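J.: Before anything else, here's the structure in question.
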Amino acid sequence: MLLFVFLATVAFWAVLRMYRERQRLLKIASRFDGPKPHWLLGNLPLFPANDIPGIFEMMVKLHEQYGQDLFNWGLLNDHMVIVSSATNVEKVAMAKKTEKSQIYEFIELWLGKGLL
């Protein structure tokens, strides 16, 4: 019984934390245009599976429809801000506190920090 209460409390806390993070991200996403995400899958259903040219074509369509800068949702709270307008790219490039995604840590082993 005690184990059940503990697990239920941990599960409730995890869901509450995820909900709060989602609300924070929705506030940020409201500043950008982009397709309306599915609550669980995000924008993943828009993209074809295992089709790199199809994914590229969908990104081009999204930029044509929503503009140069857009907010793209992944699975659950995974997200991506896609910035391609010159003024915003400059702001991101000149920012002192820009966090890179985890994939950059993996790529950095081969490329070094020069281009990243």
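Naming works like this for the structure tokens: A, B, ... for the chains as they're shown, residue 1 at the start of each chain, ligands 1 onward in shown order.
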Per residue of segment 6-57 of chain A within 10 Å of segment 74-92 of chain A, record the nearest atom pair and its distance in Å to one decimal, counting only C-alpha atoms, with rows in chain order and ascending residue number, as a tab-separated table.
T.:
```
residue	atom	partner	partner_atom	distance
A:Met18	CA	A:Asn77	CA	7.6
A:Tyr19	CA	A:Asn77	CA	9.1
A:Glu21	CA	A:Asn77	CA	7.4
A:Arg22	CA	A:Asn77	CA	6.1
A:Gln23	CA	A:Asn77	CA	9.7
A:Leu25	CA	A:Asn77	CA	7.8
A:Leu26	CA	A:Asn77	CA	9.7
A:Ile28	CA	A:Val81	CA	9.6
A:Ala29	CA	A:Val81	CA	8.4
A:Phe32	CA	A:Val81	CA	8.4
A:Gly34	CA	A:Val81	CA	9.8
A:Pro37	CA	A:Gly74	CA	8.5
A:His38	CA	A:Leu76	CA	9.0
A:Trp39	CA	A:Leu76	CA	7.1
A:Leu40	CA	A:Leu76	CA	5.0
A:Leu41	CA	A:Leu75	CA	4.7
A:Gly42	CA	A:Gly74	CA	4.8
A:Asn43	CA	A:Gly74	CA	5.9
A:Leu44	CA	A:Gly74	CA	6.1
A:Pro45	CA	A:Gly74	CA	9.7
```
J.: Could you give me, as a list in words, each residue of segment 42-105 of chain A that DSSP assigns to strand (DSSP E or B) when run on this structure's backbone?
T.: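 Matching residues, listed in order: Gly42, Leu70, Phe71, Asn72, Trp73, His79, Met80, Val81 and Ile82 of chain A.
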J.: Pick the closest to Ser30 of chain A from A:Glu108, A:Asn72, A:Ile55, A:Ala93: which is it, counting only C-alpha atoms?
T.: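 Of all the options, A:Asn72 lies closest to Ser30 of chain A.
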J.: Restricting the calculation to only C-alpha atoms: of A:Gln68, A:Ala49, A:Phe56, A:Ala11, which residue gets closest to Asp33 of chain A?
T.: A:Gln68
J.: Chain A: which residues are helix (DSSP H, G or I) by DSSP, as JSON, numbers by chain?
T.: {"A": [2, 3, 4, 5, 6, 7, 8, 9, 10, 11, 12, 13, 14, 15, 16, 17, 18, 19, 20, 21, 22, 23, 24, 25, 26, 27, 28, 29, 44, 45, 46, 52, 53, 54, 55, 56, 57, 58, 59, 60, 61, 62, 63, 64, 65, 66, 86, 87, 88, 89, 90, 91, 92, 93, 94, 102, 103, 104, 105, 106, 107, 108, 109, 110, 111]}
J.: Write out as an NGL selection string the residues lying within 10 Å of Arg31 of chain A, counting only C-alpha atoms and excluding same-chain residues fewer than 5 positions away.
T.: :A and (26 or 69-71)
J.: Restricting the calculation to only C-alpha atoms: of A:Thr9, A:Lys100, A:Asn50, A:Pro35, which residue gets closest to Gly67 of chain A?
T.: A:Pro35
J.: Record the distance separating atom CA of His63 of chain A and atom CA of Ser101 of chain A, expressed in Å with one decimal.
T.: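 Those two atoms sit 21.4 Å apart.
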J.: Mind giving me the straight-line distance from atom CA of Glu105 of chain A to atom CA of Leu16 of chain A in Å, one decimal?
T.: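 Rounded to one decimal, the two atoms are 29.5 Å apart.
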